[in-house]
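Structure first, then comments.
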Amino acid sequence: MTEPLVVLGATGSIGSQALDVAQRLGLHVAAVVARRGSDELGHIADTFPDALVGVAAPTGSERERFETYGSRVRFGPDAAVEFASLPNSIVVNGIVGAAGLRSSVAALEAGNRLALANKESLVAGGPVVIEALSRGGGELIPVDSEHSAVFQCLVGEPVDSVRRLVLTASGGPFRGRTKDELENVTPADALDHPTWTMGSRITVDSATLANKGFEVIEAHYLFGVEYEQIDVVVHPQSIVHSFVEFDDGSIKAQMGRPDMRIPIQYAITYPSRLAADTRSDPSMWSLSFEAADRVAFPAFDVIVGAGRSGGSAPAIVNAADEIAVGAFLTGRLGFLGIAEILERTLHQVPGGKLTSVEDVLEVDREARTVANALIGGAC
Ligand code: MG
């Protein structure tokens, strides 16, 4: 039996799928947190009547409604940190954005298992998170499909036998286009639904290949592997979730239907594998692989370069990307301008060491200010 579950970002895509998994496996859900006191969170509170409920940023009427749940409820951003620190828990961190970093650190410092889906924790706060891991004695298990794949390939293998990791990338909506052909693409081209939602940044990040650059940084921190040993290959079918090549020339891959409930469940139940209803039929698969086009999608190399610089550079490029993507989505910046803003922000914000969550948040603020000024000046 697994330990009680704490689900942060409970109404988001990762959080709601984690709760599906919990319900199907009959796991005890100890606490849930969402940003807003939505109907969905009310439904979750009713479905898991023993769970503590956190509402990070409630409106007045949401607060009134959730007060009816009594002492189970906490309001404000500290709820996520409090619940992440509940002893002997498995903490699924599906918070979107830099707000997730504090909870990741709290979970690891409390010695908990952290099933990590929040990208900013490792991209912006890698050194701080790894330090919390070694200090608190917790466990860090990735939820992102690529990193879960690498993690699964490494089970039972000596760490020093890894020659390289190869992360797969779908290639995004603009795969196969030249840089010239990307000059005038619009937000509508980059998104299925051209609305400003929580999922839109990662959709644009897939289109620029920035997402894969950030995943290289995450892999570096998660697996302690040098940047020279991390490659990327474009694989449009998203069946192979990543590869590990070993010193003897053998390559392991983890494959399956692109269904996030598989890596979420594995992060919760590891090292066990419990039954799920997902089935794949390899006779239907036709798999292809191609090199990433780094000329058409320069954001990838800018971001990996920031990873190699280390210290605060990944946090700077992460903040700049969020601002640049926001500007692209609102028509203030062209698609090719995104990579330029990343590069120019990196040059302008001085790098340094990151030793605390406060360091990360400070450099995040500074990079946002610089990126905004650069975009303003570009118009
Ligand atoms: Mg991914």
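Note on naming: chains are A, B, ... as they come in the structure tokens, residues start from 1 per chain, ligands start from 1 in the order shown.
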
### Task
Do a neighbour search on region 304-309 of chain A at 8 Å with only C-alpha atoms, toss out local chain neighbours closer than 6 positions, and write the hits as JSON, numbers by chain.
{"A": [213, 214, 216, 217, 227, 317, 346]}

### DSSP strand (DSSP E or B) residues within region 107-183 of chain A, as a list in words
Arg113, Leu114, Ala115, Leu116, Glu139, Leu140, Ile141, Pro142, Val162, Arg163, Arg164, Leu165, Val166, Leu167, Thr168 and Ala169 of chain A

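With only C-alpha atoms taken into account, the protein and nucleic acid residues at most 9 Å from region 19-24 of chain A (excluding it and anything under 2 positions from it in its own chain) are Leu5, Val7, Ala10, Ile14, Gly15, Ser16, Gln17, Gly26, Leu27, His28, Val29, Ile44, Arg261, Ile264, Gln265 and Ala276 of chain A.
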
### Task
Write as a list in words the residues around ligand 1, taking 8 Å as the cut-off and counting only C-alpha atoms and all ligand atoms.
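Selection of residues at most 8 Å from ligand 1: Asp144, Ser145, Glu146, His147, Ala169, Asn211, Lys212 and Glu215 of chain A.
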
Please dump the current selection as a compact mmCIF listing (two decimals), in the first residue's frame; keep N, CA and C atoms.
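Output below, filename result-v9.txt:
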# COMPACT_ATOMS: atom_id res chain seq x y z
N ASP A 144 6.87 13.99 -15.87
CA ASP A 144 6.91 14.32 -17.30
C ASP A 144 7.25 13.04 -18.08
N SER A 145 6.59 12.83 -19.22
CA SER A 145 6.71 11.54 -19.91
C SER A 145 8.16 11.20 -20.28
N GLU A 146 8.92 12.20 -20.75
CA GLU A 146 10.30 11.94 -21.18
C GLU A 146 11.18 11.53 -19.99
N HIS A 147 11.03 12.27 -18.89
CA HIS A 147 11.88 11.99 -17.74
C HIS A 147 11.46 10.72 -17.04
N ALA A 169 11.14 14.33 -28.94
CA ALA A 169 10.33 15.55 -29.09
C ALA A 169 9.33 15.31 -30.21
N ASN A 211 10.44 24.03 -25.09
CA ASN A 211 10.06 23.01 -24.10
C ASN A 211 11.12 21.91 -24.02
N LYS A 212 11.63 21.51 -25.17
CA LYS A 212 12.63 20.44 -25.15
C LYS A 212 13.94 20.93 -24.55
N GLU A 215 13.49 20.71 -20.96
CA GLU A 215 13.53 19.31 -20.51
C GLU A 215 14.96 18.78 -20.44

### Query
Hey, can you check how far CA of Ile316 (chain A) sits from CA of Ala98 (chain A)?
12.0 Å

### Straight-line distance linking CA of Gly60 (chain A) with CA of Arg35 (chain A), stated in Å to one decimal
13.5 Å

### 12 Å contact set for Ala296 (chain A), only C-alpha atoms, chain neighbours under 4 positions out, as a PyMOL selection string
chain A and resi 171+174-183+207-210+292+300-301+335-336+339

### Query
region 247-256 of chain A: which residues within 8 Å, counting only C-alpha atoms, same-chain residues fewer than 5 positions away excluded, as a PyMOL selection string?
chain A and resi 149-150+152-153+161-163+239-242+280

What would the file look like if the residues just selected were written as an mmCIF file, in the first residue's frame with N, CA, C and O atoms?
data_model
loop_
_atom_site.group_PDB
_atom_site.id
_atom_site.type_symbol
_atom_site.label_atom_id
_atom_site.label_comp_id
_atom_site.auth_asym_id
_atom_site.auth_seq_id
_atom_site.Cartn_x
_atom_site.Cartn_y
_atom_site.Cartn_z
ATOM 1 N N ALA A 149 10.352 8.195 -18.624
ATOM 2 C CA ALA A 149 10.923 7.164 -19.504
ATOM 3 C C ALA A 149 12.382 6.900 -19.148
ATOM 4 O O ALA A 149 12.806 5.748 -18.998
ATOM 5 N N VAL A 150 13.158 7.965 -19.005
ATOM 6 C CA VAL A 150 14.579 7.815 -18.653
ATOM 7 C C VAL A 150 14.694 7.146 -17.282
ATOM 8 O O VAL A 150 15.472 6.203 -17.099
ATOM 9 N N GLN A 152 12.636 5.165 -15.825
ATOM 10 C CA GLN A 152 12.276 3.741 -15.925
ATOM 11 C C GLN A 152 13.391 2.929 -16.593
ATOM 12 O O GLN A 152 13.674 1.803 -16.191
ATOM 13 N N CYS A 153 14.029 3.510 -17.604
ATOM 14 C CA CYS A 153 15.137 2.812 -18.279
ATOM 15 C C CYS A 153 16.335 2.622 -17.337
ATOM 16 O O CYS A 153 17.122 1.694 -17.507
ATOM 17 N N SER A 161 27.155 3.705 -15.965
ATOM 18 C CA SER A 161 27.205 2.987 -17.240
ATOM 19 C C SER A 161 26.434 3.713 -18.332
ATOM 20 O O SER A 161 26.289 3.212 -19.444
ATOM 21 N N VAL A 162 25.950 4.933 -18.027
ATOM 22 C CA VAL A 162 25.164 5.680 -19.018
ATOM 23 C C VAL A 162 26.087 6.412 -19.989
ATOM 24 O O VAL A 162 26.944 7.195 -19.570
ATOM 25 N N ARG A 163 25.932 6.139 -21.280
ATOM 26 C CA ARG A 163 26.684 6.895 -22.297
ATOM 27 C C ARG A 163 25.942 8.191 -22.613
ATOM 28 O O ARG A 163 26.526 9.258 -22.658
ATOM 29 N N ILE A 239 5.434 7.810 -29.290
ATOM 30 C CA ILE A 239 5.253 6.460 -28.723
ATOM 31 C C ILE A 239 6.467 6.105 -27.857
ATOM 32 O O ILE A 239 6.327 5.593 -26.753
ATOM 33 N N VAL A 240 7.674 6.387 -28.428
ATOM 34 C CA VAL A 240 8.896 6.229 -27.638
ATOM 35 C C VAL A 240 9.036 7.493 -26.794
ATOM 36 O O VAL A 240 9.136 8.595 -27.331
ATOM 37 N N HIS A 241 9.037 7.339 -25.469
ATOM 38 C CA HIS A 241 9.019 8.534 -24.615
ATOM 39 C C HIS A 241 10.423 9.029 -24.298
ATOM 40 O O HIS A 241 10.575 10.161 -23.842
ATOM 41 N N SER A 242 11.427 8.208 -24.482
ATOM 42 C CA SER A 242 12.849 8.587 -24.456
ATOM 43 C C SER A 242 13.710 7.328 -24.461
ATOM 44 O O SER A 242 13.188 6.222 -24.287
ATOM 45 N N SER A 280 -1.630 -1.100 -25.520
ATOM 46 C CA SER A 280 -1.032 -0.652 -26.780
ATOM 47 C C SER A 280 -0.929 -1.846 -27.718
ATOM 48 O O SER A 280 -0.787 -2.982 -27.274
#
